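**Student:** Can you keep this structure in mind? I'll have questions shortly.
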Amino acid sequence: MNPVPTAPTAPTVSVHVEEAGDHGPLLLCLHGVGSSSAAFAPQLAELSAYARVVAWDAPGYAASPDPEGPLDLDGYADAAAALIRERGGGAHVLGVSWGGVIALRLAARHPGLAASLVVADSSPGSGTDPRKAEGMRSRAAELAELGPRAFARKRGPRLVSPAAPGALVQRVVDTMASSVRLPGYAYAAESMATADLRGELPAIAAPALVVCGDQDQVTGVEGAQAIAGGLRLTAHVIVKDAGHLANQEQPERFNAWVLSHLHITTRIPEQESQPCL
């Protein structure tokens, strides 16, 4: 196993964030490769009663400025770590898909900053399979050819289950169309294409909740199982009737699992009545 390099200091990368909640533990939310902070609207609305919820637009996405040059996975992890340090240090990190890969690298690279992890509909990285890596790299050219709106119309619908309501499908498409652009999307796709975290998962000490929609057709249940099987302290749950964006498609069930995880890892007060899981 190759050791993960640490970087106590890193160049400042400017990012836009959405924040809600004024008490409780810090919950940092990292979106997928085709999204933005808008993906966490259900978490900002509901979990902010129990935690300080911060959702970023990754560098080069949505309202965040383009980075000065290409970022690799370490660069994204360092940018997320800087947000945590700005807020006093120490956070529970919730990452969806690509955001989950960043969260795992952050926990390995900056172990003192990750109080716990929620890794949702993710995988150890596309670098585990040459075909997946090539497919990830090809997306930048596809975005350049189609433009953000057509690109989102093509890719967005498969991120939710076939039974997802039309309003959710449209919201996913609109979020993607307003979030992705070059060169930021190309940098993100390359960071995912080169990622293979299987060797470093056992060294991550932060307790983790690994979540996956039962109808995820992107990273799939097998991707979640690969993460859960490699981590030392983990719980693995399946969200019924949800595709790749379980946090948006089944927010009540998803949020209930996250709150249970926060209760266990921080001893915040439990809800008087939990939503049905």
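Residue names in the structure tokens use chain letters A, B, ... in the order shown, residue numbers from 1 in each chain, and ligand numbers from 1 in the order shown.
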List the neighbours of range 132-139 of chain A out to 6 Å using only C-alpha atoms; skip same-chain residues closer than 5 positions along the sequence, and give me the result as a ChimeraX atom specification.
**Tutor:** /A:126-127,189-190,193
**Student:** Store the residues of this selection in a file with C-alpha atoms, as a short mmCIF file (atom, residue, chain, number, x, y, z; two decimals), in the first residue's frame.
**Tutor:**
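Result went into result19.cif, see below:
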```cif
data_model
loop_
_atom_site.label_atom_id
_atom_site.label_comp_id
_atom_site.auth_asym_id
_atom_site.auth_seq_id
_atom_site.Cartn_x
_atom_site.Cartn_y
_atom_site.Cartn_z
CA SER A 126 -12.77 5.33 -11.88
CA GLY A 127 -9.07 4.45 -11.95
CA ALA A 189 -13.23 14.22 -14.55
CA GLU A 190 -9.48 13.67 -14.77
CA ALA A 193 -10.28 8.96 -13.83
#
```
**Student:** Range 109-198 of chain A near range 228-237 of chain A within 12 Å: what's each residue's closest atom pair and its distance in Å to one decimal, counting only C-alpha atoms, ordered by chain then ascending residue number, as a tab-separated table?
**Tutor:**
```
residue	atom	partner	partner_atom	distance
A:Ser116	CA	A:Leu233	CA	9.7
A:Leu117	CA	A:Thr234	CA	9.1
A:Val118	CA	A:Thr234	CA	9.6
A:Val119	CA	A:Ala228	CA	9.3
A:Ala120	CA	A:Val237	CA	9.6
A:Asp121	CA	A:Val237	CA	10.6
A:Ser122	CA	A:Ala228	CA	10.5
A:Ser123	CA	A:Ala228	CA	9.6
A:Pro124	CA	A:Gly230	CA	9.4
A:Leu197	CA	A:Gly230	CA	9.3
A:Arg198	CA	A:Gly230	CA	6.8
```
**Student:** Using only C-alpha atoms, which protein or nucleic acid residues come within 9 Å of range 17-30 of chain A? Drop anything in the same chain fewer than 5 positions from it, and give the result as number ranges by chain.
**Tutor:** A: 36-38, 40, 43-45, 47-58, 63-64, 80, 83-84, 87, 90-100, 102-103, 262, 266, 268
**Student:** Where does DSSP see strand (DSSP E) in range 27-274 of chain A, if you list the residues as number ranges by chain?
**Tutor:** A: 27-30, 52-57, 91-96, 114-120, 208-213, 234-239
**Student:** Would you output that residue set with N, CA, C and O atoms, as a compact mmCIF listing (two decimals), in the first residue's frame?
**Tutor:**
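Okay, this is what ended up in selection-v1.txt:
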```
# COMPACT_ATOMS: atom_id res chain seq x y z
N LEU A 27 -21.16 19.95 9.17
CA LEU A 27 -21.37 18.94 8.15
C LEU A 27 -21.03 19.57 6.80
O LEU A 27 -21.76 20.44 6.31
N LEU A 28 -19.92 19.15 6.21
CA LEU A 28 -19.49 19.67 4.91
C LEU A 28 -19.96 18.74 3.81
O LEU A 28 -19.67 17.53 3.82
N CYS A 29 -20.68 19.28 2.82
CA CYS A 29 -21.29 18.48 1.75
C CYS A 29 -20.56 18.74 0.43
O CYS A 29 -20.45 19.89 -0.01
N LEU A 30 -20.10 17.65 -0.20
CA LEU A 30 -19.34 17.71 -1.45
C LEU A 30 -20.12 17.00 -2.54
O LEU A 30 -20.42 15.81 -2.43
N ARG A 52 -24.49 22.48 11.53
CA ARG A 52 -24.12 23.59 10.65
C ARG A 52 -23.75 22.98 9.30
O ARG A 52 -22.70 22.37 9.15
N VAL A 53 -24.63 23.12 8.34
CA VAL A 53 -24.47 22.46 7.05
C VAL A 53 -23.84 23.44 6.06
O VAL A 53 -24.34 24.55 5.86
N VAL A 54 -22.75 23.01 5.46
CA VAL A 54 -22.05 23.80 4.45
C VAL A 54 -21.93 22.95 3.19
O VAL A 54 -21.41 21.84 3.23
N ALA A 55 -22.43 23.46 2.07
CA ALA A 55 -22.34 22.76 0.79
C ALA A 55 -21.56 23.62 -0.19
O ALA A 55 -21.88 24.80 -0.37
N TRP A 56 -20.53 23.04 -0.80
CA TRP A 56 -19.70 23.85 -1.69
C TRP A 56 -20.10 23.69 -3.15
O TRP A 56 -20.75 22.72 -3.55
N ASP A 57 -19.75 24.70 -3.94
CA ASP A 57 -19.58 24.56 -5.38
C ASP A 57 -18.09 24.30 -5.56
O ASP A 57 -17.25 25.15 -5.22
N ALA A 91 -14.77 18.32 10.94
CA ALA A 91 -16.08 18.29 10.31
C ALA A 91 -16.47 16.87 9.98
O ALA A 91 -15.62 16.00 9.76
N HIS A 92 -17.75 16.64 9.92
CA HIS A 92 -18.30 15.43 9.34
C HIS A 92 -18.45 15.74 7.85
O HIS A 92 -19.00 16.78 7.48
N VAL A 93 -17.96 14.87 7.00
CA VAL A 93 -17.89 15.16 5.57
C VAL A 93 -18.82 14.22 4.83
O VAL A 93 -18.66 12.99 4.89
N LEU A 94 -19.78 14.80 4.13
CA LEU A 94 -20.76 14.05 3.33
C LEU A 94 -20.42 14.26 1.87
O LEU A 94 -20.47 15.38 1.37
N GLY A 95 -20.06 13.19 1.18
CA GLY A 95 -19.72 13.28 -0.23
C GLY A 95 -20.59 12.36 -1.07
O GLY A 95 -20.79 11.19 -0.73
N VAL A 96 -21.12 12.90 -2.15
CA VAL A 96 -21.93 12.12 -3.09
C VAL A 96 -21.12 11.86 -4.35
O VAL A 96 -20.58 12.80 -4.95
N ALA A 114 -11.30 15.13 9.62
CA ALA A 114 -12.51 14.36 9.32
C ALA A 114 -12.99 13.65 10.57
O ALA A 114 -12.46 12.61 10.95
N ALA A 115 -14.01 14.22 11.22
CA ALA A 115 -14.58 13.57 12.40
C ALA A 115 -15.29 12.28 12.01
O ALA A 115 -15.27 11.30 12.74
N SER A 116 -15.95 12.29 10.86
CA SER A 116 -16.59 11.10 10.31
C SER A 116 -16.90 11.35 8.85
O SER A 116 -16.76 12.48 8.35
N LEU A 117 -17.33 10.31 8.17
CA LEU A 117 -17.65 10.39 6.75
C LEU A 117 -19.05 9.83 6.49
O LEU A 117 -19.46 8.86 7.13
N VAL A 118 -19.74 10.43 5.53
CA VAL A 118 -20.91 9.83 4.91
C VAL A 118 -20.59 9.79 3.42
O VAL A 118 -20.47 10.83 2.77
N VAL A 119 -20.41 8.59 2.89
CA VAL A 119 -20.01 8.41 1.49
C VAL A 119 -21.20 7.81 0.75
O VAL A 119 -21.59 6.66 1.00
N ALA A 120 -21.80 8.59 -0.13
CA ALA A 120 -23.06 8.21 -0.75
C ALA A 120 -22.91 7.96 -2.24
O ALA A 120 -22.35 8.79 -2.96
N ALA A 208 -17.36 5.73 9.25
CA ALA A 208 -18.01 6.07 7.98
C ALA A 208 -19.36 5.39 7.86
O ALA A 208 -19.55 4.24 8.26
N LEU A 209 -20.29 6.12 7.28
CA LEU A 209 -21.56 5.58 6.83
C LEU A 209 -21.52 5.54 5.31
O LEU A 209 -21.33 6.58 4.67
N VAL A 210 -21.66 4.36 4.73
CA VAL A 210 -21.64 4.20 3.28
C VAL A 210 -23.07 3.93 2.83
O VAL A 210 -23.71 2.97 3.27
N VAL A 211 -23.58 4.80 1.96
CA VAL A 211 -24.98 4.78 1.55
C VAL A 211 -25.06 4.59 0.04
O VAL A 211 -24.23 5.13 -0.70
N CYS A 212 -26.07 3.84 -0.40
CA CYS A 212 -26.26 3.68 -1.85
C CYS A 212 -27.72 3.45 -2.16
O CYS A 212 -28.41 2.71 -1.45
N GLY A 213 -28.22 4.10 -3.20
CA GLY A 213 -29.56 3.83 -3.68
C GLY A 213 -29.65 2.44 -4.29
O GLY A 213 -28.73 2.01 -4.99
N THR A 234 -17.12 1.09 9.66
CA THR A 234 -18.12 1.47 8.65
C THR A 234 -19.45 0.79 8.89
O THR A 234 -19.51 -0.33 9.43
N ALA A 235 -20.51 1.48 8.50
CA ALA A 235 -21.84 0.91 8.38
C ALA A 235 -22.28 1.10 6.94
O ALA A 235 -22.01 2.14 6.33
N HIS A 236 -22.94 0.11 6.37
CA HIS A 236 -23.33 0.15 4.97
C HIS A 236 -24.84 -0.01 4.89
O HIS A 236 -25.39 -1.00 5.40
N VAL A 237 -25.53 0.96 4.27
CA VAL A 237 -26.98 0.90 4.16
C VAL A 237 -27.42 1.14 2.72
O VAL A 237 -26.74 1.84 1.96
N ILE A 238 -28.55 0.54 2.37
CA ILE A 238 -29.15 0.70 1.05
C ILE A 238 -30.43 1.52 1.21
O ILE A 238 -31.25 1.24 2.07
N VAL A 239 -30.58 2.54 0.37
CA VAL A 239 -31.77 3.37 0.37
C VAL A 239 -32.73 2.86 -0.69
O VAL A 239 -32.39 2.82 -1.88
```
**Student:** Report, in Å to a single decimal, how far apart CA of Ala81 in chain A and CA of Leu159 in chain A are.
**Tutor:**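 Answer for the CA of Leu159 in chain A to CA of Ala81 in chain A separation: 27.5 Å.
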**Student:** I'd like to know which of A:Ala242, A:Leu113, A:Ala177, A:Val101 is closest to Ile227 in chain A, using only C-alpha atoms.
**Tutor:**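 Checking each of A:Ala242, A:Leu113, A:Ala177, A:Val101 against Ile227 in chain A, counting only C-alpha atoms, the winner is A:Val101.
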**Student:** So that I can check the surroundings of Asp241 in chain A, please list as a list in words every protein, DNA and RNA residue that reaches within 10 Å of it, counting only C-alpha atoms and ignoring chain neighbours fewer than 2 positions away.
**Tutor:** Val160, Ser161, Pro162, Ala163, Ala164, Gly213, Asp214, Gln215, Asp216, Ile238, Val239, Gly243, Ala246, Glu249 and Gln250 of chain A
**Student:** Atoms to include: N, CA, C and O atoms. Write the selected residues as a PDB file, in the first residue's frame.
**Tutor:**
```pdb
ATOM      1  N   VAL A 160     -31.168   9.303 -11.606  1.00  0.00           N
ATOM      2  CA  VAL A 160     -32.256   8.951 -10.694  1.00  0.00           C
ATOM      3  C   VAL A 160     -32.906   7.667 -11.190  1.00  0.00           C
ATOM      4  O   VAL A 160     -32.610   7.184 -12.281  1.00  0.00           O
ATOM      5  N   SER A 161     -33.797   7.108 -10.394  1.00  0.00           N
ATOM      6  CA  SER A 161     -34.436   5.852 -10.766  1.00  0.00           C
ATOM      7  C   SER A 161     -35.477   6.079 -11.861  1.00  0.00           C
ATOM      8  O   SER A 161     -35.944   7.203 -12.062  1.00  0.00           O
ATOM      9  N   PRO A 162     -35.870   5.021 -12.562  1.00  0.00           N
ATOM     10  CA  PRO A 162     -36.895   5.179 -13.607  1.00  0.00           C
ATOM     11  C   PRO A 162     -38.217   5.724 -13.084  1.00  0.00           C
ATOM     12  O   PRO A 162     -38.977   6.324 -13.837  1.00  0.00           O
ATOM     13  N   ALA A 163     -38.486   5.519 -11.797  1.00  0.00           N
ATOM     14  CA  ALA A 163     -39.756   5.965 -11.228  1.00  0.00           C
ATOM     15  C   ALA A 163     -39.686   7.379 -10.653  1.00  0.00           C
ATOM     16  O   ALA A 163     -40.666   7.871 -10.091  1.00  0.00           O
ATOM     17  N   ALA A 164     -38.562   8.052 -10.799  1.00  0.00           N
ATOM     18  CA  ALA A 164     -38.428   9.396 -10.233  1.00  0.00           C
ATOM     19  C   ALA A 164     -39.432  10.354 -10.863  1.00  0.00           C
ATOM     20  O   ALA A 164     -39.689  10.297 -12.074  1.00  0.00           O
ATOM     21  N   GLY A 213     -28.219   4.101  -3.199  1.00  0.00           N
ATOM     22  CA  GLY A 213     -29.564   3.834  -3.680  1.00  0.00           C
ATOM     23  C   GLY A 213     -29.648   2.445  -4.289  1.00  0.00           C
ATOM     24  O   GLY A 213     -28.730   2.011  -4.986  1.00  0.00           O
ATOM     25  N   ASP A 214     -30.739   1.762  -4.053  1.00  0.00           N
ATOM     26  CA  ASP A 214     -30.847   0.387  -4.544  1.00  0.00           C
ATOM     27  C   ASP A 214     -30.958   0.306  -6.061  1.00  0.00           C
ATOM     28  O   ASP A 214     -30.760  -0.760  -6.646  1.00  0.00           O
ATOM     29  N   GLN A 215     -31.231   1.450  -6.718  1.00  0.00           N
ATOM     30  CA  GLN A 215     -31.339   1.471  -8.178  1.00  0.00           C
ATOM     31  C   GLN A 215     -30.269   2.354  -8.812  1.00  0.00           C
ATOM     32  O   GLN A 215     -30.452   2.860  -9.924  1.00  0.00           O
ATOM     33  N   ASP A 216     -29.170   2.522  -8.113  1.00  0.00           N
ATOM     34  CA  ASP A 216     -28.043   3.298  -8.641  1.00  0.00           C
ATOM     35  C   ASP A 216     -27.452   2.564  -9.837  1.00  0.00           C
ATOM     36  O   ASP A 216     -26.930   1.459  -9.711  1.00  0.00           O
ATOM     37  N   ILE A 238     -28.549   0.541   2.373  1.00  0.00           N
ATOM     38  CA  ILE A 238     -29.148   0.705   1.054  1.00  0.00           C
ATOM     39  C   ILE A 238     -30.427   1.525   1.205  1.00  0.00           C
ATOM     40  O   ILE A 238     -31.252   1.238   2.075  1.00  0.00           O
ATOM     41  N   VAL A 239     -30.576   2.538   0.366  1.00  0.00           N
ATOM     42  CA  VAL A 239     -31.774   3.373   0.373  1.00  0.00           C
ATOM     43  C   VAL A 239     -32.730   2.858  -0.691  1.00  0.00           C
ATOM     44  O   VAL A 239     -32.388   2.820  -1.884  1.00  0.00           O
ATOM     45  N   GLY A 243     -32.092   6.113  -7.055  1.00  0.00           N
ATOM     46  CA  GLY A 243     -31.007   5.917  -7.997  1.00  0.00           C
ATOM     47  C   GLY A 243     -29.711   6.485  -7.449  1.00  0.00           C
ATOM     48  O   GLY A 243     -29.457   6.466  -6.238  1.00  0.00           O
ATOM     49  N   ALA A 246     -29.397   9.472  -4.294  1.00  0.00           N
ATOM     50  CA  ALA A 246     -30.299   9.064  -3.216  1.00  0.00           C
ATOM     51  C   ALA A 246     -30.637  10.216  -2.293  1.00  0.00           C
ATOM     52  O   ALA A 246     -31.747  10.298  -1.756  1.00  0.00           O
ATOM     53  N   GLU A 249     -33.437  11.986  -4.234  1.00  0.00           N
ATOM     54  CA  GLU A 249     -34.618  11.214  -4.614  1.00  0.00           C
ATOM     55  C   GLU A 249     -35.400  10.704  -3.405  1.00  0.00           C
ATOM     56  O   GLU A 249     -36.631  10.636  -3.448  1.00  0.00           O
ATOM     57  N   GLN A 250     -34.680  10.353  -2.342  1.00  0.00           N
ATOM     58  CA  GLN A 250     -35.323   9.893  -1.104  1.00  0.00           C
ATOM     59  C   GLN A 250     -34.732  10.669   0.082  1.00  0.00           C
ATOM     60  O   GLN A 250     -34.094  10.100   0.963  1.00  0.00           O
TER      61      GLN A 250
END
```
**Student:** So, with only C-alpha atoms as the atoms that count, which of A:Met192, A:Val15, A:Ala41, A:Ala205 lies closest to Thr175 in chain A?
**Tutor:**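 Looking only at the distances to Thr175 in chain A, the closest residue turns out to be A:Ala41.
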**Student:** If you count only C-alpha atoms, which residues fall within 10 Å of Ala144 in chain A, apart from same-chain ones fewer than 2 positions away, as a ChimeraX atom specification?
**Tutor:** /A:139-142,146-148,151,181-183,186
**Student:** Would you export the selected residues with N, CA, C and O atoms as a PDB file, in the first residue's frame, please?
**Tutor:**
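Output saved as selection07.pdb:
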```
ATOM      1  N   ARG A 139     -15.770  12.593 -21.132  1.00  0.00           N
ATOM      2  CA  ARG A 139     -16.894  13.491 -20.853  1.00  0.00           C
ATOM      3  C   ARG A 139     -16.574  14.950 -21.145  1.00  0.00           C
ATOM      4  O   ARG A 139     -17.464  15.717 -21.510  1.00  0.00           O
ATOM      5  N   ALA A 140     -15.334  15.350 -20.956  1.00  0.00           N
ATOM      6  CA  ALA A 140     -14.991  16.752 -21.197  1.00  0.00           C
ATOM      7  C   ALA A 140     -15.202  17.117 -22.661  1.00  0.00           C
ATOM      8  O   ALA A 140     -15.745  18.187 -22.974  1.00  0.00           O
ATOM      9  N   ALA A 141     -14.785  16.225 -23.563  1.00  0.00           N
ATOM     10  CA  ALA A 141     -14.991  16.480 -24.990  1.00  0.00           C
ATOM     11  C   ALA A 141     -16.474  16.499 -25.324  1.00  0.00           C
ATOM     12  O   ALA A 141     -16.927  17.288 -26.170  1.00  0.00           O
ATOM     13  N   GLU A 142     -17.230  15.643 -24.665  1.00  0.00           N
ATOM     14  CA  GLU A 142     -18.675  15.606 -24.893  1.00  0.00           C
ATOM     15  C   GLU A 142     -19.333  16.904 -24.437  1.00  0.00           C
ATOM     16  O   GLU A 142     -20.211  17.448 -25.123  1.00  0.00           O
ATOM     17  N   LEU A 146     -21.409  19.342 -26.948  1.00  0.00           N
ATOM     18  CA  LEU A 146     -22.855  19.499 -26.790  1.00  0.00           C
ATOM     19  C   LEU A 146     -23.252  20.812 -26.133  1.00  0.00           C
ATOM     20  O   LEU A 146     -24.345  21.328 -26.382  1.00  0.00           O
ATOM     21  N   GLY A 147     -22.388  21.333 -25.259  1.00  0.00           N
ATOM     22  CA  GLY A 147     -22.764  22.468 -24.431  1.00  0.00           C
ATOM     23  C   GLY A 147     -23.461  21.978 -23.174  1.00  0.00           C
ATOM     24  O   GLY A 147     -23.987  20.862 -23.128  1.00  0.00           O
ATOM     25  N   PRO A 148     -23.502  22.808 -22.129  1.00  0.00           N
ATOM     26  CA  PRO A 148     -24.012  22.352 -20.832  1.00  0.00           C
ATOM     27  C   PRO A 148     -25.458  21.865 -20.848  1.00  0.00           C
ATOM     28  O   PRO A 148     -25.782  20.864 -20.211  1.00  0.00           O
ATOM     29  N   PHE A 151     -25.793  18.532 -22.809  1.00  0.00           N
ATOM     30  CA  PHE A 151     -25.029  17.560 -22.024  1.00  0.00           C
ATOM     31  C   PHE A 151     -25.846  17.108 -20.816  1.00  0.00           C
ATOM     32  O   PHE A 151     -25.930  15.911 -20.513  1.00  0.00           O
ATOM     33  N   ARG A 181     -18.994  23.458 -16.459  1.00  0.00           N
ATOM     34  CA  ARG A 181     -18.368  24.234 -17.521  1.00  0.00           C
ATOM     35  C   ARG A 181     -16.907  23.795 -17.617  1.00  0.00           C
ATOM     36  O   ARG A 181     -16.379  23.143 -16.704  1.00  0.00           O
ATOM     37  N   LEU A 182     -16.279  24.152 -18.701  1.00  0.00           N
ATOM     38  CA  LEU A 182     -14.858  23.893 -18.865  1.00  0.00           C
ATOM     39  C   LEU A 182     -14.083  25.153 -18.459  1.00  0.00           C
ATOM     40  O   LEU A 182     -14.582  26.258 -18.621  1.00  0.00           O
ATOM     41  N   PRO A 183     -12.893  24.982 -17.875  1.00  0.00           N
ATOM     42  CA  PRO A 183     -12.139  23.737 -17.743  1.00  0.00           C
ATOM     43  C   PRO A 183     -12.406  22.959 -16.468  1.00  0.00           C
ATOM     44  O   PRO A 183     -11.884  21.860 -16.290  1.00  0.00           O
ATOM     45  N   ALA A 186     -13.472  19.328 -16.756  1.00  0.00           N
ATOM     46  CA  ALA A 186     -12.393  18.469 -17.260  1.00  0.00           C
ATOM     47  C   ALA A 186     -11.411  18.123 -16.142  1.00  0.00           C
ATOM     48  O   ALA A 186     -10.944  16.981 -16.042  1.00  0.00           O
TER      49      ALA A 186
END
```
**Student:** How many Å lie between CA of Ala188 in chain A and CA of Pro157 in chain A, rounded to one decimal?
**Tutor:** 20.5 Å
**Student:** Which distance in Å separates CA of Gly34 in chain A and CA of Val180 in chain A, to one decimal?
**Tutor:** 6.2 Å
**Student:** Could you write out, as a ChimeraX atom specification, all the residues of range 127-181 of chain A that DSSP marks as helix (DSSP H, G or I)?
**Tutor:** /A:127-128,130-146,148-159,166-179
